[in-house]
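Engineer: Structure: query04.pdb, PDB, C-alpha atoms.
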MODEL        1
ATOM      1  CA  MET G  13      97.654 -87.205 165.640
ATOM      2  CA  ARG G  14      95.621 -89.259 163.175
ATOM      3  CA  ALA G  15      97.130 -89.929 159.769
ATOM      4  CA  ALA G  16      96.926 -92.047 156.618
ATOM      5  CA  TYR G  17     100.266 -93.817 156.364
ATOM      6  CA  ILE G  18     102.123 -96.887 155.150
ATOM      7  CA  GLN G  19     104.656 -99.232 156.740
ATOM      8  CA  GLU G  20     105.791-100.667 153.418
ATOM      9  CA  LEU G  21     105.530 -99.935 149.701
ATOM     10  CA  GLY G  22     102.703-101.659 147.904
ATOM     11  CA  PRO G  23      99.104-101.508 146.629
ATOM     12  CA  PRO G  24      96.357 -99.323 148.123
ATOM     13  CA  ASP G  25      95.573-101.841 150.862
ATOM     14  CA  VAL G  26      98.925-101.134 152.568
ATOM     15  CA  ILE G  27      97.516 -97.734 153.597
ATOM     16  CA  ARG G  28      96.641 -97.580 157.291
ATOM     17  CA  TYR G  29      94.695 -94.953 159.227
ATOM     18  CA  GLY G  30      95.499 -94.382 162.883
ATOM     19  CA  GLU G  31      97.565 -92.585 165.476
ATOM     20  CA  LEU G  32     101.141 -91.465 164.863
ATOM     21  CA  PRO G  33     103.369 -89.213 166.987
ATOM     22  CA  ALA G  34     102.825 -85.544 166.216
ATOM     23  CA  PRO G  35     105.607 -84.137 164.004
ATOM     24  CA  ARG G  36     108.144 -81.737 165.485
ATOM     25  CA  PRO G  37     109.201 -78.730 163.413
ATOM     26  CA  GLY G  38     112.816 -77.633 163.138
ATOM     27  CA  PRO G  39     114.019 -74.043 163.416
ATOM     28  CA  THR G  40     113.142 -73.193 159.787
ATOM     29  CA  ASP G  41     109.942 -75.252 159.647
ATOM     30  CA  VAL G  42     106.281 -74.499 160.179
ATOM     31  CA  LEU G  43     103.844 -76.823 161.961
ATOM     32  CA  VAL G  44     100.536 -76.795 160.081
ATOM     33  CA  ASP G  45      97.124 -77.971 161.258
ATOM     34  CA  VAL G  46      95.868 -79.657 158.108
ATOM     35  CA  LEU G  47      92.345 -78.900 156.882
ATOM     36  CA  SER G  48      92.360 -80.736 153.548
ATOM     37  CA  THR G  49      94.672 -82.790 151.366
ATOM     38  CA  ALA G  50      94.247 -83.977 147.784
ATOM     39  CA  VAL G  51      94.719 -87.412 146.224
ATOM     40  CA  ASP G  52      97.104 -87.223 143.264
ATOM     41  CA  PRO G  53      98.350 -89.918 140.848
ATOM     42  CA  VAL G  54     101.898 -89.179 142.012
ATOM     43  CA  ASP G  55     100.849 -90.217 145.535
ATOM     44  CA  ALA G  56     100.141 -93.698 144.175
ATOM     45  CA  PHE G  57     103.466 -93.761 142.329
ATOM     46  CA  VAL G  58     105.334 -93.046 145.564
ATOM     47  CA  ARG G  59     103.206 -95.413 147.684
ATOM     48  CA  SER G  60     103.686 -98.289 145.244
ATOM     49  CA  GLY G  61     107.392 -97.704 144.614
ATOM     50  CA  VAL G  62     106.974 -96.874 140.902
ATOM     51  CA  PHE G  63     108.448 -93.424 141.604
ATOM     52  CA  ARG G  64     111.596 -94.124 143.589
ATOM     53  CA  THR G  65     112.280 -91.620 146.335
ATOM     54  CA  ALA G  66     113.457 -91.625 149.935
ATOM     55  CA  VAL G  67     110.752 -92.969 152.277
ATOM     56  CA  ASP G  68     111.014 -93.291 156.068
ATOM     57  CA  PHE G  69     108.463 -95.644 157.650
ATOM     58  CA  PRO G  70     105.923 -95.081 158.991
ATOM     59  CA  PHE G  71     105.397 -92.817 155.993
ATOM     60  CA  VAL G  72     102.503 -90.375 155.814
ATOM     61  CA  ILE G  73     101.160 -90.322 152.243
ATOM     62  CA  GLY G  74     100.069 -87.307 150.232
ATOM     63  CA  ARG G  75     101.536 -84.302 148.468
ATOM     64  CA  ASP G  76      99.238 -81.278 148.860
ATOM     65  CA  LEU G  77      97.634 -79.573 151.834
ATOM     66  CA  VAL G  78      95.695 -76.524 152.890
ATOM     67  CA  GLY G  79      95.728 -75.686 156.579
ATOM     68  CA  THR G  80      96.440 -73.143 159.273
ATOM     69  CA  VAL G  81      99.729 -72.359 160.958
ATOM     70  CA  ALA G  82      99.968 -73.885 164.439
ATOM     71  CA  ARG G  83     103.419 -72.457 165.146
ATOM     72  CA  ALA G  84     106.541 -71.426 163.273
ATOM     73  CA  GLY G  85     110.152 -72.214 164.119
ATOM     74  CA  PRO G  86     112.393 -69.468 165.516
ATOM     75  CA  GLY G  87     114.141 -69.033 162.160
ATOM     76  CA  VAL G  88     110.915 -68.491 160.222
ATOM     77  CA  THR G  89     109.629 -65.085 159.144
ATOM     78  CA  GLY G  90     106.416 -64.293 157.285
ATOM     79  CA  PHE G  91     104.159 -66.830 158.979
ATOM     80  CA  ARG G  92     102.332 -66.675 162.302
ATOM     81  CA  ALA G  93      99.787 -68.795 164.136
ATOM     82  CA  GLY G  94      96.382 -68.808 162.482
ATOM     83  CA  ASP G  95      97.566 -67.959 158.954
ATOM     84  CA  ARG G  96      95.884 -70.001 156.233
ATOM     85  CA  VAL G  97      98.541 -71.640 154.093
ATOM     86  CA  TRP G  98      99.189 -74.300 151.468
ATOM     87  CA  CYS G  99     101.929 -76.611 150.252
ATOM     88  CA  ASN G 100     102.191 -78.915 147.235
ATOM     89  CA  SER G 101     105.562 -80.640 147.695
ATOM     90  CA  LEU G 102     105.391 -82.970 150.695
ATOM     91  CA  GLY G 103     105.729 -86.759 150.590
ATOM     92  CA  HIS G 104     108.902 -86.845 148.491
ATOM     93  CA  GLU G 105     112.694 -86.967 148.980
ATOM     94  CA  GLY G 106     112.378 -87.887 152.637
ATOM     95  CA  ARG G 107     109.657 -85.377 153.481
ATOM     96  CA  GLN G 108     106.659 -86.835 155.298
ATOM     97  CA  GLY G 109     103.320 -86.397 153.561
ATOM     98  CA  ALA G 110     100.227 -84.276 153.984
ATOM     99  CA  ALA G 111      97.487 -86.814 154.819
ATOM    100  CA  ALA G 112      97.489 -86.178 158.552
ATOM    101  CA  GLU G 113      95.997 -83.850 161.127
ATOM    102  CA  GLN G 114      99.340 -82.046 161.359
ATOM    103  CA  ALA G 115     102.307 -81.692 159.024
ATOM    104  CA  VAL G 116     105.714 -80.053 159.165
ATOM    105  CA  VAL G 117     106.522 -77.883 156.167
ATOM    106  CA  ALA G 118     109.818 -76.140 155.429
ATOM    107  CA  ALA G 119     109.133 -72.417 155.311
ATOM    108  CA  ASP G 120     110.398 -72.128 151.727
ATOM    109  CA  ARG G 121     107.768 -74.660 150.594
ATOM    110  CA  LEU G 122     104.820 -72.947 152.284
ATOM    111  CA  TYR G 123     102.617 -70.243 150.740
ATOM    112  CA  PRO G 124      99.736 -68.072 151.969
ATOM    113  CA  LEU G 125      96.220 -68.950 150.855
ATOM    114  CA  PRO G 126      94.364 -65.922 149.438
ATOM    115  CA  ASP G 127      91.464 -64.611 151.490
ATOM    116  CA  GLY G 128      88.059 -66.022 150.695
ATOM    117  CA  VAL G 129      89.315 -69.144 148.914
ATOM    118  CA  ASP G 130      87.659 -72.381 150.032
ATOM    119  CA  PRO G 131      90.250 -74.898 151.335
ATOM    120  CA  ASP G 132      88.687 -77.920 149.632
ATOM    121  CA  LEU G 133      88.489 -76.294 146.198
ATOM    122  CA  ALA G 134      91.958 -74.814 146.594
ATOM    123  CA  VAL G 135      93.674 -78.076 147.521
ATOM    124  CA  ALA G 136      92.015 -79.768 144.549
ATOM    125  CA  ALA G 137      93.495 -77.170 142.200
ATOM    126  CA  LEU G 138      97.035 -76.777 143.564
ATOM    127  CA  HIS G 139      98.853 -79.733 142.018
ATOM    128  CA  PRO G 140      97.334 -79.482 138.511
ATOM    129  CA  ALA G 141      97.760 -75.699 138.401
ATOM    130  CA  ALA G 142     101.382 -75.633 139.559
ATOM    131  CA  THR G 143     102.166 -78.471 137.159
ATOM    132  CA  ALA G 144     100.615 -76.496 134.314
ATOM    133  CA  TYR G 145     102.526 -73.333 135.151
ATOM    134  CA  LEU G 146     105.918 -75.037 135.283
ATOM    135  CA  ALA G 147     105.246 -77.112 132.161
ATOM    136  CA  LEU G 148     104.380 -73.997 130.180
ATOM    137  CA  PHE G 149     106.829 -71.397 131.393
ATOM    138  CA  VAL G 150     109.861 -73.268 132.765
ATOM    139  CA  HIS G 151     110.007 -76.294 130.474
ATOM    140  CA  GLY G 152     107.914 -75.078 127.538
ATOM    141  CA  ARG G 153     109.530 -71.608 127.593
ATOM    142  CA  LEU G 154     106.285 -70.045 126.413
ATOM    143  CA  ARG G 155     106.526 -66.533 124.992
ATOM    144  CA  LEU G 156     103.950 -63.867 124.134
ATOM    145  CA  GLY G 157     102.144 -64.477 120.869
ATOM    146  CA  GLU G 158     103.113 -68.136 120.467
ATOM    147  CA  THR G 159     100.725 -70.957 119.624
ATOM    148  CA  VAL G 160     100.100 -73.652 122.222
ATOM    149  CA  LEU G 161      98.346 -76.960 121.680
ATOM    150  CA  VAL G 162      96.865 -78.603 124.774
ATOM    151  CA  ALA G 163      95.734 -82.188 124.297
ATOM    152  CA  GLY G 164      93.245 -83.206 126.982
ATOM    153  CA  ALA G 165      92.303 -79.585 127.623
ATOM    154  CA  ALA G 166      89.186 -80.335 129.690
ATOM    155  CA  GLY G 167      91.056 -82.220 132.396
ATOM    156  CA  ASN G 168      92.517 -80.866 135.603
ATOM    157  CA  VAL G 169      95.994 -80.074 134.278
ATOM    158  CA  GLY G 170      94.681 -79.360 130.794
ATOM    159  CA  SER G 171      92.225 -76.658 131.831
ATOM    160  CA  ALA G 172      94.900 -74.975 133.935
ATOM    161  CA  LEU G 173      97.273 -75.053 130.946
ATOM    162  CA  VAL G 174      94.643 -73.358 128.789
ATOM    163  CA  THR G 175      93.973 -70.686 131.411
ATOM    164  CA  PHE G 176      97.637 -69.880 132.025
ATOM    165  CA  ALA G 177      98.567 -69.871 128.331
ATOM    166  CA  ALA G 178      95.658 -67.665 127.271
ATOM    167  CA  ARG G 179      96.359 -65.171 130.050
ATOM    168  CA  ALA G 180     100.006 -65.054 128.955
ATOM    169  CA  GLY G 181      98.988 -63.890 125.493
ATOM    170  CA  ALA G 182      99.331 -67.211 123.672
ATOM    171  CA  ARG G 183      96.939 -68.518 121.047
ATOM    172  CA  VAL G 184      95.593 -71.753 122.495
ATOM    173  CA  LEU G 185      94.412 -74.707 120.454
ATOM    174  CA  ALA G 186      92.734 -77.439 122.453
ATOM    175  CA  THR G 187      91.646 -81.027 121.928
ATOM    176  CA  ALA G 188      88.929 -82.533 124.097
ATOM    177  CA  ALA G 189      85.690 -84.483 123.927
ATOM    178  CA  ALA G 190      83.054 -82.649 121.902
ATOM    179  CA  ARG G 191      80.891 -82.184 125.001
ATOM    180  CA  ASP G 192      83.704 -80.207 126.668
ATOM    181  CA  ALA G 193      84.289 -77.719 123.857
ATOM    182  CA  GLY G 194      82.368 -74.947 125.595
ATOM    183  CA  TYR G 195      84.305 -75.399 128.827
ATOM    184  CA  CYS G 196      87.632 -75.241 126.995
ATOM    185  CA  ALA G 197      86.555 -72.080 125.178
ATOM    186  CA  GLU G 198      85.519 -70.489 128.469
ATOM    187  CA  SER G 199      88.973 -71.313 129.855
ATOM    188  CA  GLY G 200      90.566 -69.380 126.986
ATOM    189  CA  ALA G 201      90.999 -71.747 124.032
ATOM    190  CA  ALA G 202      90.779 -70.002 120.664
ATOM    191  CA  GLU G 203      89.807 -73.201 118.850
ATOM    192  CA  VAL G 204      88.697 -76.577 120.226
ATOM    193  CA  PHE G 205      88.889 -79.847 118.284
ATOM    194  CA  ASP G 206      87.213 -83.175 118.995
ATOM    195  CA  TYR G 207      90.034 -85.548 119.875
ATOM    196  CA  ARG G 208      88.091 -88.412 118.247
ATOM    197  CA  ASP G 209      87.924 -86.662 114.870
ATOM    198  CA  PRO G 210      89.737 -88.837 112.274
ATOM    199  CA  GLU G 211      90.812 -85.626 110.539
ATOM    200  CA  LEU G 212      92.184 -84.095 113.743
ATOM    201  CA  THR G 213      95.799 -83.683 112.627
ATOM    202  CA  GLY G 214      94.783 -82.022 109.371
ATOM    203  CA  ARG G 215      92.446 -79.641 111.161
ATOM    204  CA  ILE G 216      95.191 -78.597 113.561
ATOM    205  CA  ARG G 217      97.600 -78.012 110.663
ATOM    206  CA  ARG G 218      95.068 -75.778 108.952
ATOM    207  CA  ALA G 219      94.449 -73.870 112.191
ATOM    208  CA  ALA G 220      98.199 -73.384 112.741
ATOM    209  CA  PRO G 221      99.840 -73.367 109.301
ATOM    210  CA  ALA G 222     103.122 -72.056 110.740
ATOM    211  CA  GLY G 223     103.124 -74.827 113.330
ATOM    212  CA  VAL G 224     102.675 -75.172 117.070
ATOM    213  CA  ASP G 225     105.272 -73.595 119.356
ATOM    214  CA  VAL G 226     104.482 -75.629 122.487
ATOM    215  CA  TYR G 227     102.736 -79.008 122.414
ATOM    216  CA  LEU G 228     101.500 -80.562 125.692
ATOM    217  CA  ASP G 229      99.643 -83.874 125.958
ATOM    218  CA  THR G 230      98.098 -84.219 129.405
ATOM    219  CA  ALA G 231      96.668 -87.663 128.587
ATOM    220  CA  GLY G 232     100.156 -89.109 128.157
ATOM    221  CA  VAL G 233      99.516 -90.629 124.711
ATOM    222  CA  ASN G 234     102.895 -89.207 123.618
ATOM    223  CA  ASP G 235     102.471 -89.749 119.875
ATOM    224  CA  LEU G 236     105.746 -88.082 118.903
ATOM    225  CA  GLU G 237     105.284 -88.834 115.192
ATOM    226  CA  THR G 238     102.247 -86.557 115.251
ATOM    227  CA  SER G 239     103.369 -83.938 117.764
ATOM    228  CA  VAL G 240     106.819 -83.401 116.218
ATOM    229  CA  GLY G 241     105.185 -83.128 112.807
ATOM    230  CA  LEU G 242     102.984 -80.303 114.073
ATOM    231  CA  LEU G 243     105.790 -78.213 115.561
ATOM    232  CA  ALA G 244     106.807 -74.784 114.342
ATOM    233  CA  ARG G 245     110.490 -74.079 113.879
ATOM    234  CA  ARG G 246     112.149 -74.398 117.295
ATOM    235  CA  GLY G 247     108.906 -75.785 118.699
ATOM    236  CA  ARG G 248     108.850 -77.687 121.975
ATOM    237  CA  VAL G 249     107.074 -80.867 123.062
ATOM    238  CA  VAL G 250     106.707 -81.144 126.847
ATOM    239  CA  LEU G 251     106.159 -84.671 128.160
ATOM    240  CA  LEU G 252     104.405 -84.680 131.531
ATOM    241  CA  ALA G 253     102.345 -87.888 131.602
ATOM    242  CA  GLY G 254     102.364 -91.428 130.267
ATOM    243  CA  ALA G 255     105.158 -93.052 132.279
ATOM    244  CA  GLY G 256     104.619 -96.402 130.556
ATOM    245  CA  THR G 257     104.700 -95.138 126.953
ATOM    246  CA  ARG G 258     107.596 -95.950 124.617
ATOM    247  CA  PRO G 259     107.021 -93.733 121.565
ATOM    248  CA  VAL G 260     109.160 -93.596 118.442
ATOM    249  CA  LEU G 261     111.081 -90.326 118.101
ATOM    250  CA  PRO G 262     111.282 -88.938 114.542
ATOM    251  CA  ALA G 263     114.792 -87.601 115.112
ATOM    252  CA  GLY G 264     115.404 -86.212 111.641
ATOM    253  CA  PRO G 265     112.360 -83.932 111.435
ATOM    254  CA  LEU G 266     112.930 -82.885 115.044
ATOM    255  CA  TYR G 267     116.535 -81.729 114.765
ATOM    256  CA  MET G 268     116.237 -80.323 111.249
ATOM    257  CA  ASN G 269     113.414 -78.083 112.460
ATOM    258  CA  GLY G 270     115.321 -77.048 115.591
ATOM    259  CA  GLY G 271     112.691 -78.669 117.795
ATOM    260  CA  SER G 272     113.029 -80.237 121.223
ATOM    261  CA  VAL G 273     111.332 -82.810 123.437
ATOM    262  CA  VAL G 274     111.667 -82.290 127.177
ATOM    263  CA  GLY G 275     110.363 -84.322 130.090
ATOM    264  CA  PHE G 276     108.975 -82.806 133.269
ATOM    265  CA  VAL G 277     107.731 -83.947 136.669
ATOM    266  CA  ILE G 278     106.874 -81.422 139.343
ATOM    267  CA  SER G 279     108.547 -83.600 141.972
ATOM    268  CA  HIS G 280     111.929 -82.402 140.688
ATOM    269  CA  ALA G 281     111.045 -78.699 140.688
ATOM    270  CA  THR G 282     113.293 -76.452 142.771
ATOM    271  CA  THR G 283     111.950 -74.432 145.675
ATOM    272  CA  VAL G 284     112.472 -71.277 143.592
ATOM    273  CA  GLU G 285     110.431 -72.728 140.724
ATOM    274  CA  LEU G 286     107.703 -73.878 143.096
ATOM    275  CA  ALA G 287     107.531 -70.450 144.738
ATOM    276  CA  THR G 288     107.246 -68.741 141.352
ATOM    277  CA  ALA G 289     104.459 -71.112 140.391
ATOM    278  CA  ALA G 290     102.749 -70.504 143.751
ATOM    279  CA  THR G 291     102.578 -66.764 143.075
ATOM    280  CA  ALA G 292     100.880 -67.411 139.742
ATOM    281  CA  VAL G 293      98.543 -70.021 141.227
ATOM    282  CA  ASN G 294      97.539 -67.660 144.044
ATOM    283  CA  ASP G 295      96.732 -64.962 141.492
ATOM    284  CA  LEU G 296      94.279 -67.263 139.712
ATOM    285  CA  LEU G 297      92.832 -68.578 142.978
ATOM    286  CA  ALA G 298      92.172 -65.042 144.211
ATOM    287  CA  GLN G 299      90.335 -64.252 140.961
ATOM    288  CA  GLY G 300      88.238 -67.402 141.112
ATOM    289  CA  LEU G 301      89.776 -68.752 137.900
ATOM    290  CA  LEU G 302      90.852 -72.088 139.382
ATOM    291  CA  ARG G 303      87.718 -73.949 140.387
ATOM    292  CA  PRO G 304      87.863 -77.682 139.592
ATOM    293  CA  ARG G 305      84.653 -78.871 137.988
ATOM    294  CA  ASN G 306      84.449 -82.239 139.655
ATOM    295  CA  VAL G 307      85.478 -82.544 143.318
ATOM    296  CA  GLU G 308      84.509 -85.262 145.782
ATOM    297  CA  VAL G 309      85.144 -84.666 149.494
ATOM    298  CA  LEU G 310      85.822 -87.650 151.769
ATOM    299  CA  PRO G 311      87.104 -88.071 155.327
ATOM    300  CA  LEU G 312      90.805 -88.707 155.840
ATOM    301  CA  ASP G 313      90.178 -92.319 156.826
ATOM    302  CA  ALA G 314      88.975 -93.005 153.262
ATOM    303  CA  ALA G 315      92.501 -92.624 151.853
ATOM    304  CA  ALA G 316      92.941 -96.304 150.956
ATOM    305  CA  GLU G 317      89.547 -96.367 149.243
ATOM    306  CA  ALA G 318      90.405 -93.228 147.266
ATOM    307  CA  HIS G 319      93.748 -94.667 146.115
ATOM    308  CA  ALA G 320      92.078 -97.900 145.011
ATOM    309  CA  ARG G 321      89.409 -96.061 143.039
ATOM    310  CA  MET G 322      92.064 -93.844 141.414
ATOM    311  CA  GLU G 323      94.165 -96.819 140.319
ATOM    312  CA  ASN G 324      91.092 -98.673 139.039
ATOM    313  CA  GLY G 325      90.256 -95.736 136.774
ATOM    314  CA  GLU G 326      87.020 -94.963 138.589
ATOM    315  CA  LEU G 327      87.657 -91.257 139.222
ATOM    316  CA  ARG G 328      87.652 -90.245 135.528
ATOM    317  CA  GLY G 329      88.926 -86.713 136.068
ATOM    318  CA  ARG G 330      87.297 -86.332 139.474
ATOM    319  CA  ARG G 331      89.489 -84.771 142.157
ATOM    320  CA  VAL G 332      89.244 -86.420 145.582
ATOM    321  CA  VAL G 333      89.841 -84.224 148.626
ATOM    322  CA  LEU G 334      90.345 -85.741 152.075
ATOM    323  CA  ARG G 335      89.271 -83.669 155.086
ATOM    324  CA  THR G 336      90.806 -84.096 158.502
ATOM    325  CA  ASP G 337      87.501 -82.946 160.003
ATOM    326  CA  PRO G 338      84.565 -84.101 157.845
ATOM    327  CA  THR G 339      82.139 -82.025 159.952
ATOM    328  CA  ARG G 340      83.842 -78.749 159.039
ATOM    329  CA  PRO G 341      81.386 -76.493 157.177
ATOM    330  CA  GLY G 342      82.080 -75.522 153.627
ATOM    331  CA  PRO G 343      81.097 -76.330 150.055
ATOM    332  CA  ARG G 344      81.087 -80.004 149.200
ATOM    333  CA  PRO G 345      80.956 -80.092 145.402
ATOM    334  CA  GLY G 346      79.529 -83.310 144.080
ATOM    335  CA  PRO G 347      80.597 -85.480 141.148
TER     336      PRO G 347
ENDMDL
END
I need this file expressed as structure tokens, please.
Structural biologist:
Amino acid sequence: MRAAYIQELGPPDVIRYGELPAPRPGPTDVLVDVLSTAVDPVDAFVRSGVFRTAVDFPFVIGRDLVGTVARAGPGVTGFRAGDRVWCNSLGHEGRQGAAAEQAVVAADRLYPLPDGVDPDLAVAALHPAATAYLALFVHGRLRLGETVLVAGAAGNVGSALVTFAARAGARVLATAAARDAGYCAESGAAEVFDYRDPELTGRIRRAAPAGVDVYLDTAGVNDLETSVGLLARRGRVVLLAGAGTRPVLPAGPLYMNGGSVVGFVISHATTVELATAATAVNDLLAQGLLRPRNVEVLPLDAAAEAHARMENGELRGRRVVLRTDPTRPGPRPGP
């Protein structure tokens, strides 16, 4: 099979494209013919060695896939040849990645793709949406009627956070560029603030005088002085980006208000948590509520180029999808 893979950790130019032996599924695995895979920042963290995890060389890169079942192991129930499926947890802890014509997926990490959902648009949405779900409900412990603040609400994770929170009955406050206010409101934000506004903190306080119950910063600025100061009693800050930040924690105001700061990466989610998130993600996919605004489709052999552009900051919110068969018909949303 053809695959995008590495023989050593390093920069984007260590990525190779070529033939590798086809993977062999075990008794509780499913062999998947891959249609599309996405390019995620975490893929670069693993490829470069920033995110330490078990890697067996040659190592196929990539986390997410949409494909069809080629065959299931004898211990697998619920999947049969031809089923359209997806996975968002390959390429970590010794698991080979998704950027190949075929991939082996453990049955408990594989989920059905709802009918009528385009593979390219789906694979672009999977990682941000599952991240948003787990950040809100597992780590943020969101409850009905609470107030959520999403910083960076127009981005891939941010827009999914807004959608999930609003549908769960939360009041959503959002910060974004002024030009994206309408998009955030359409996603479910009750109020949208320009993140460049010098009076931003004061405006948020006036909009939520009792404080914010869950604060999520998708841009990874991690200004804890500000976020902790905006919390309601027993409010929660969920850190999910900004690996290089070293913020100052205002410990006194945090503990005297009963607040908490918790870190989260989806790579450490359990299979039960991932499956719960998958059910919620599939519900939004089936309703057409997860459609990334900015998707670029490239052939699988462009993996190294895509990683380089991502690390150089050239994507700017754009989701890159790699197709195993670039001639396959289907929507090809532009930038």
Engineer: Applying 9 Å and only C-alpha atoms, which residues near Thr40 in chain G remain after dropping the ones on its own chain fewer than 6 positions away? List them as a list in words.
Structural biologist: Ala84, Gly85, Pro86, Gly87, Val88, Thr89, Val117, Ala118, Ala119 and Asp120 of chain G
Engineer: Need to verify the contact set: Arg75 in chain G, 8 Å, all atoms listed in the file, exclusion of same-chain residues closer than 4 positions in sequence. Can you return it as a ChimeraX atom specification?
Structural biologist: /G:49-52,55,99-104,109-111
Engineer: Just so the selection is clear, what residues does the PyMOL selection byres ((chain G and resi 56) around 12) cover here, as JSON, numbers by chain?
Structural biologist: {"G": [18, 21, 22, 23, 24, 25, 26, 27, 50, 51, 52, 53, 54, 55, 57, 58, 59, 60, 61, 62, 63, 64, 73, 74, 75, 103, 104, 315, 316, 318, 319, 320, 321, 322, 323, 324]}
Engineer: Which residue is closest to Glu198 in chain G? Choose from G:Gln114, G:Leu301, G:Val273, G:Thr336 and count only C-alpha atoms.
Structural biologist: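 When distances to Glu198 in chain G are compared using only C-alpha atoms, the smallest one comes from G:Leu301.
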Engineer: Might you spell out which residues the PyMOL selection byres ((chain G and resi 300) around 12) would select in the displayed file, as number ranges by chain?
Structural biologist: G: 126-130, 133-134, 137, 175, 199, 293-299, 301-304
Engineer: For the residues in the current selection, export C-alpha atoms as a CSV table (one decimal), in the frame of the given file.
Structural biologist:
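Contents of part05.csv, as written:
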chain,number,residue,atom,x,y,z
G,126,PRO,CA,94.4,-65.9,149.4
G,127,ASP,CA,91.5,-64.6,151.5
G,128,GLY,CA,88.1,-66.0,150.7
G,129,VAL,CA,89.3,-69.1,148.9
G,130,ASP,CA,87.7,-72.4,150.0
G,133,LEU,CA,88.5,-76.3,146.2
G,134,ALA,CA,92.0,-74.8,146.6
G,137,ALA,CA,93.5,-77.2,142.2
G,175,THR,CA,94.0,-70.7,131.4
G,199,SER,CA,89.0,-71.3,129.9
G,293,VAL,CA,98.5,-70.0,141.2
G,294,ASN,CA,97.5,-67.7,144.0
G,295,ASP,CA,96.7,-65.0,141.5
G,296,LEU,CA,94.3,-67.3,139.7
G,297,LEU,CA,92.8,-68.6,143.0
G,298,ALA,CA,92.2,-65.0,144.2
G,299,GLN,CA,90.3,-64.3,141.0
G,301,LEU,CA,89.8,-68.8,137.9
G,302,LEU,CA,90.9,-72.1,139.4
G,303,ARG,CA,87.7,-73.9,140.4
G,304,PRO,CA,87.9,-77.7,139.6
Engineer: Of the residues G:Thr65, G:Gln108, G:Thr143, G:Ser272, which is the one nearest to Pro37 in chain G, using all atoms listed in the file?
Structural biologist: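 Closest residue, counting all atoms listed in the file: G:Gln108.
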Engineer: Pick out the closest residue to Ala165 in chain G from this set: G:Asp45, G:Asp68, G:Glu317, G:Glu203. Count only C-alpha atoms.
Structural biologist: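 Looking only at the distances to Ala165 in chain G, the closest residue turns out to be G:Glu203.
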Engineer: Give the answer as one residue: which of G:Cys196, G:Ala166, G:Val67, G:Ala136 has the shortest atom-to-atom distance to Val332 in chain G, using only C-alpha atoms?
Structural biologist: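 Under the stated criterion, the closest residue is G:Ala136.
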Engineer: Could you tell me which of G:Leu185, G:Ala141, G:Ala172, G:Val226 comes closest to Leu156 in chain G if we count all atoms listed in the file?
Structural biologist: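 For Leu156 in chain G, the nearest of the candidates is G:Val226.
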Engineer: So, with only C-alpha atoms as the atoms that count, which of G:Ala34, G:Leu261, G:Ala178, G:Phe205 lies closest to Ala190 in chain G?
Structural biologist: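 Looking only at the distances to Ala190 in chain G, the closest residue turns out to be G:Phe205.
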Engineer: Extract, using only C-alpha atoms, all DNA, RNA and protein residues at most 10 Å from range 149-154 of chain G, discarding same-chain residues fewer than 4 positions from it, and format them as a VMD selection string.
Structural biologist: chain G and resid 144 to 145 158 to 160 176 to 177 180 to 182 225 to 228 247 to 251 272 to 276 281 285 289
Engineer: Could you tell me how far CA of Asp229 in chain G sits from CA of Pro259 in chain G, in Å to one decimal place?
Structural biologist: 13.1 Å
